[in-house]
file data.tsv (TSV, C-alpha atoms)
chain	number	residue	atom	x	y	z
A	1	MET	CA	153.32	-60.93	-12.85
A	2	LYS	CA	153.50	-61.29	-9.07
A	3	LYS	CA	156.11	-64.06	-9.33
A	4	LEU	CA	158.25	-61.88	-11.61
A	5	ALA	CA	158.10	-59.03	-9.10
A	6	GLU	CA	159.07	-61.41	-6.29
A	7	PHE	CA	161.96	-62.80	-8.34
A	8	ILE	CA	163.25	-59.29	-9.11
A	9	GLU	CA	162.93	-58.39	-5.43
A	10	ILE	CA	164.94	-61.47	-4.45
A	11	LEU	CA	167.61	-60.66	-7.05
A	12	LEU	CA	167.87	-57.07	-5.85
A	13	PHE	CA	168.00	-58.07	-2.19
A	14	SER	CA	170.65	-60.72	-2.91
A	15	PHE	CA	172.75	-58.24	-4.92
A	16	LEU	CA	172.57	-55.60	-2.19
A	17	MET	CA	173.36	-58.15	0.48
A	18	PHE	CA	176.49	-59.37	-1.31
A	19	LEU	CA	177.53	-55.77	-2.00
A	20	PHE	CA	177.04	-54.14	1.39
A	21	ILE	CA	177.57	-56.83	4.02
A	22	PRO	CA	181.33	-57.26	3.37
A	23	GLU	CA	181.74	-53.48	3.23
A	24	ILE	CA	179.87	-52.99	6.50
A	25	PHE	CA	182.13	-55.51	8.23
A	26	GLY	CA	185.17	-53.78	6.73
A	27	TRP	CA	183.86	-50.47	8.03
A	28	ILE	CA	183.27	-51.88	11.52
A	29	PHE	CA	186.63	-53.63	11.86
A	30	HIS	CA	188.94	-51.43	9.77
A	31	GLY	CA	187.17	-48.07	9.60
A	32	THR	CA	187.08	-47.98	5.80
A	33	PHE	CA	184.05	-48.05	3.55
A	34	ASN	CA	184.82	-48.16	-0.13
A	35	ILE	CA	183.15	-50.15	-2.87
A	36	SER	CA	185.46	-51.08	-5.72
A	37	SER	CA	184.55	-52.34	-9.15
A	38	GLN	CA	185.74	-55.79	-8.05
A	39	ASP	CA	183.23	-55.72	-5.17
A	40	LEU	CA	180.50	-54.67	-7.58
A	41	ARG	CA	181.40	-57.47	-10.01
A	42	ASP	CA	181.42	-60.06	-7.22
A	43	ALA	CA	178.05	-58.83	-5.95
A	44	VAL	CA	176.48	-59.04	-9.41
A	45	PHE	CA	177.87	-62.54	-9.97
A	46	LEU	CA	176.84	-63.90	-6.57
A	47	GLY	CA	173.60	-61.93	-6.47
A	48	VAL	CA	172.38	-63.57	-9.67
A	49	LEU	CA	173.90	-66.99	-9.04
A	50	THR	CA	172.49	-67.60	-5.55
A	51	PRO	CA	168.76	-67.12	-6.28
A	52	GLY	CA	169.15	-69.06	-9.53
A	53	PHE	CA	170.82	-71.93	-7.71
A	54	ILE	CA	168.11	-71.95	-5.04
A	55	TYR	CA	165.35	-71.89	-7.66
A	56	PHE	CA	166.75	-74.81	-9.66
A	57	SER	CA	167.61	-76.84	-6.57
A	58	ARG	CA	163.98	-76.60	-5.38
A	59	LYS	CA	162.72	-77.95	-8.71
A	60	ILE	CA	164.86	-81.09	-8.53
A	61	LYS	CA	163.07	-83.87	-6.66
A	62	SER	CA	165.60	-86.67	-7.09
A	63	ASP	CA	168.59	-86.80	-4.72
A	64	VAL	CA	170.88	-88.19	-7.42
A	65	ALA	CA	169.93	-85.43	-9.84
A	66	PHE	CA	170.47	-82.83	-7.12
A	67	VAL	CA	173.96	-84.14	-6.32
A	68	LEU	CA	174.83	-84.12	-10.03
A	69	PHE	CA	173.49	-80.57	-10.32
A	70	VAL	CA	175.61	-79.40	-7.37
A	71	ILE	CA	178.72	-81.05	-8.83
A	72	PHE	CA	178.01	-79.41	-12.18
A	73	VAL	CA	177.57	-75.97	-10.59
A	74	VAL	CA	180.79	-76.34	-8.57
A	75	LEU	CA	182.74	-77.38	-11.68
A	76	VAL	CA	181.33	-74.48	-13.70
A	77	LEU	CA	182.16	-72.01	-10.93
A	78	PHE	CA	185.67	-73.39	-10.63
A	79	ALA	CA	186.18	-73.00	-14.37
A	80	LEU	CA	184.77	-69.44	-14.31
A	81	VAL	CA	187.00	-68.36	-11.44
A	82	ARG	CA	190.06	-69.70	-13.25
A	83	GLN	CA	189.07	-67.85	-16.45
A	84	ILE	CA	188.17	-64.50	-14.89
A	85	HIS	CA	191.47	-64.02	-12.97
A	86	TRP	CA	189.92	-62.28	-9.96

call {"tool": "encode", "arguments": {"input": "data.tsv", "output": "C-alpha cells"}}
result
Amino acid sequence: MKKLAEFIEILLFSFLMFLFIPEIFGWIFHGTFNISSQDLRDAVFLGVLTPGFIYFSRKIKSDVAFVLFVIFVVLVLFALVRQIHW
C-alpha cells in the first residue's frame, strides 16, 4: 500500500510540474498566466509517461535491452505525436 501511495504521489507531482512550470516561466517572461486545454493534455501525457518510463528503465538490467526499450519508446512517441496533431 505504501508503494502505491508513493507512485500516486510521484504521478501527481510529475503532472503538476509539467503543468505549472511552463506557465510560471510564461508568467515571468511575458506577464501572462493561462492554462489551456492543450497545456492540460500535455501535462497529463508527460506526467504519466515520465514516471512510467523511469520505472521500467530501472527494471531493465541489460544495456542492450535498455537501448531497445528507449528506441521503442521514441518510436511510439513519434507515432503518437503524428497521430494526435498537436

call {"tool": "residues_around", "arguments": {"input": "data.tsv", "residues": "range 38-42 of chain A", "least_positions_apart": "3", "cutoff": "12 Å", "atoms": "all atoms listed in the file", "output": "mmCIF file with C-alpha atoms, in the frame of the given file"}}
result
data_model
loop_
_atom_site.group_PDB
_atom_site.id
_atom_site.type_symbol
_atom_site.label_atom_id
_atom_site.label_comp_id
_atom_site.auth_asym_id
_atom_site.auth_seq_id
_atom_site.Cartn_x
_atom_site.Cartn_y
_atom_site.Cartn_z
ATOM 1 C CA SER A 14 170.650 -60.720 -2.910
ATOM 2 C CA PHE A 15 172.750 -58.240 -4.920
ATOM 3 C CA LEU A 16 172.570 -55.600 -2.190
ATOM 4 C CA MET A 17 173.360 -58.150 0.480
ATOM 5 C CA PHE A 18 176.490 -59.370 -1.310
ATOM 6 C CA LEU A 19 177.530 -55.770 -2.000
ATOM 7 C CA PHE A 20 177.040 -54.140 1.390
ATOM 8 C CA ILE A 21 177.570 -56.830 4.020
ATOM 9 C CA PRO A 22 181.330 -57.260 3.370
ATOM 10 C CA GLU A 23 181.740 -53.480 3.230
ATOM 11 C CA PHE A 33 184.050 -48.050 3.550
ATOM 12 C CA ASN A 34 184.820 -48.160 -0.130
ATOM 13 C CA ILE A 35 183.150 -50.150 -2.870
ATOM 14 C CA PHE A 45 177.870 -62.540 -9.970
ATOM 15 C CA LEU A 46 176.840 -63.900 -6.570
ATOM 16 C CA GLY A 47 173.600 -61.930 -6.470
ATOM 17 C CA VAL A 48 172.380 -63.570 -9.670
ATOM 18 C CA LEU A 49 173.900 -66.990 -9.040
ATOM 19 C CA THR A 50 172.490 -67.600 -5.550
ATOM 20 C CA VAL A 81 187.000 -68.360 -11.440
ATOM 21 C CA ILE A 84 188.170 -64.500 -14.890
ATOM 22 C CA HIS A 85 191.470 -64.020 -12.970
ATOM 23 C CA TRP A 86 189.920 -62.280 -9.960
#

call {"tool": "atom_distance", "arguments": {"input": "data.tsv", "atom1": "CA of Thr32 in chain A", "atom2": "CA of Ile10 in chain A"}}
result
27.9 Å

call {"tool": "atom_distance", "arguments": {"input": "data.tsv", "atom1": "CA of Met1 in chain A", "atom2": "CA of Phe66 in chain A"}}
result
28.4 Å

call {"tool": "atom_distance", "arguments": {"input": "data.tsv", "atom1": "CA of Ala65 in chain A", "atom2": "CA of Leu77 in chain A"}}
result
18.2 Å

call {"tool": "closest_residue", "arguments": {"input": "data.tsv", "among": "A:Pro51, A:Val74, A:Asp63, A:Leu68", "to": "Glu6 in chain A", "atoms": "only C-alpha atoms"}}
result
A:Pro51

call {"tool": "closest_residue", "arguments": {"input": "data.tsv", "among": "A:Phe69, A:Phe25, A:Phe7, A:Phe13", "to": "Val44 in chain A", "atoms": "only C-alpha atoms"}}
result
A:Phe13
